[in-house]
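Report on the following structure.
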Amino acid sequence: MTGNGRSALITGGAGGIGQAIAACLSRQGYRVYLLDVNPEVSRVADTMSTWARQVQGRVVDIADESPLVDAARWCLAQEGRACDVLVNCAGISPKGNGGPIALPDISTEQWDRVHRVNVTAPFILCRELIPPMAEQGYGRVVNIVSRAARMYVPVSGVDYHSSKTALMGLTRALAGTYGSRGVTVNSVAPGRIETAMATATDPQLLAETMKMIPAGRFGKPAEIGALVAFLASEAAGYVNGACLDINGGIYMT
């Protein structure tokens, strides 16, 4: 698989999974644009630029529509054409004492922000970037959902479950709408992955989760990166509207 000089926009580019996806795509020759609310995204981009073809980072709070739209249009302006690949990787899962926040304690403000980051931002980016993809007759969208979009996960709150399930619905609707125009839209549902978000969880809950994983370990960000790189490639042209589970066997279909 090779990027053939194509471009990719990745949200959550400063996080563990986002960085791994960026690294995989960069190694395959993609020009990569990273968005993240964390200022570290600039350092990540600079570091990758020492060996990658082209990586640029931009600090954006994707919960805020105006700067997010600006970032999408910045990417299009940099390319002078459609962005070939969109990876919606950014996500938040608020915790309280290492576990999910109980329903009575979830404020409307928290609920709204979780949904703005986890599903509204992907919608906005799809709205901005998919039409140019369709016009050129080629595009790939990969939405990072979660095991929580497939089943009940005790370490995640109801706001997170709801937002990731909604993102799966968005994936299916867009796949059906744009599949005939060369644009595929798929989702990836990771299980427990070795990231900062995972380490913020109560150790006892993590231990209980580990016992349920047939693989006997947590996943690695690079494993997510490799799967996303496949979905972003021409080789995955007949994969559309799918949700690919990568969880060590804790959830099987």
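Residue names in the structure tokens use chain letters A, B, ... in the order shown, residue numbers from 1 in each chain, and ligand numbers from 1 in the order shown.
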Q: List every residue of stretch 16-197 of chain A that DSSP, applied to the backbone, labels as strand (DSSP E or B), and write the result as an MDAnalysis selection string.
A: chainID A and resid 31:36 54:59 85:88 95:96 99:100 139:144 183:190 193
**Q.** Within 7 Å of A:Arg140 using only C-alpha atoms, minus same-chain residues under 4 positions, as a ChimeraX atom specification
**A.** /A:84-86,183-185,232
**Q.** A:Gln56 surroundings by only C-alpha atoms, 10 Å radius, close-in-sequence under 3 positions cut, as number ranges by chain
**A.** A: 9, 31-35, 41-46, 48-49, 75
Q: Using only C-alpha atoms, determine which residues lie at most 8 Å from A:Ser187, disregarding the query and same-chain residues fewer than 6 positions distant; provide the list as a ChimeraX atom specification.
A: /A:142-145,168,171,241-244
Q: Can you work out the spacing between atom CA of A:Ile193 and atom CA of A:Ala226 in Å, to one decimal?
A: 13.8 Å
Q | A:Ser180 environment, 12 Å, only C-alpha atoms, sequence neighbours closer than 6 positions dropped, as a list in words | A |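 These residues fall inside the cut-off: Met133, Ala134, Glu135, Gly137, Tyr138, Gly139, Leu174, Gly237, Tyr238 and Asn240 of chain A.
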Q.
Report, in Å to a single decimal, how far apart atom CA of A:Arg6 and atom CA of A:Glu79 are.
A.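 Going from atom CA of A:Glu79 over to atom CA of A:Arg6 covers 9.5 Å.
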What's around A:Gln28 at 12 Å? Count only C-alpha atoms, leave out sequence neighbours fewer than 6 positions away in its own chain, and write the answer as a JSON list (two decimals) with C-alpha atoms, in the first residue's frame.
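Below you can see selection-v2.json, which holds the result:
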[["chain", "number", "residue", "atom", "x", "y", "z"],
["A", 1, "MET", "CA", 0.00, 0.00, 0.00],
["A", 2, "THR", "CA", 1.23, 3.48, -0.82],
["A", 3, "GLY", "CA", -0.13, 6.97, -0.54],
["A", 4, "ASN", "CA", 0.91, 7.82, -4.10],
["A", 5, "GLY", "CA", 1.35, 11.44, -3.10],
["A", 6, "ARG", "CA", -2.12, 11.73, -1.60],
["A", 7, "SER", "CA", -3.10, 13.89, 1.38],
["A", 8, "ALA", "CA", -4.69, 13.11, 4.75],
["A", 21, "ILE", "CA", -2.04, 6.87, 12.27],
["A", 22, "ALA", "CA", -0.04, 9.89, 11.11],
["A", 51, "TRP", "CA", 11.77, 12.03, 8.19],
["A", 52, "ALA", "CA", 8.33, 12.32, 6.55],
["A", 53, "ARG", "CA", 7.45, 13.84, 3.21],
["A", 54, "GLN", "CA", 5.27, 16.61, 4.63],
["A", 225, "GLY", "CA", -2.52, 2.95, 12.48],
["A", 226, "ALA", "CA", -1.96, -0.05, 10.23],
["A", 229, "ALA", "CA", -3.76, 2.92, 6.55],
["A", 230, "PHE", "CA", -5.40, -0.04, 4.82],
["A", 232, "ALA", "CA", -7.24, 4.78, 3.46],
["A", 233, "SER", "CA", -5.69, 2.91, 0.55]]
Q: Give me the residues within 10 Å of A:Ile101 as a list in words, counting only C-alpha atoms and dropping any in the same chain fewer than 6 places off.
A: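 The residues that qualify are Ser93, Pro94, Lys95, Ser107, Val155, Ser156, Gly157, Val158 and Asp159 of chain A.
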Q: Determine which residues of stretch 31-135 of chain A DSSP labels as alpha helix (DSSP H) from the backbone of this structure, then write them out as number ranges by chain.
A: A: 40-49, 65-79, 108-115, 121-135
**Q.** Coordinates-based distance that separates atom CA of A:Asn88 from atom CA of A:Leu68 (Å, one decimal)
**A.**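 For atom CA of A:Leu68 relative to atom CA of A:Asn88, the distance reads 12.4 Å.
The smallest atom-to-atom distance between A:Thr195 and any of A:Leu227, A:Val37, A:Thr11, A:Ile17, using only C-alpha atoms, is found for A:Ile17.
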Q) Which residue, A:Val228, A:Ala236, A:Ala173, A:Val119, has the smallest gap to A:Ala23 when you use only C-alpha atoms? A)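 Result for the nearest residue to A:Ala23: A:Val228.
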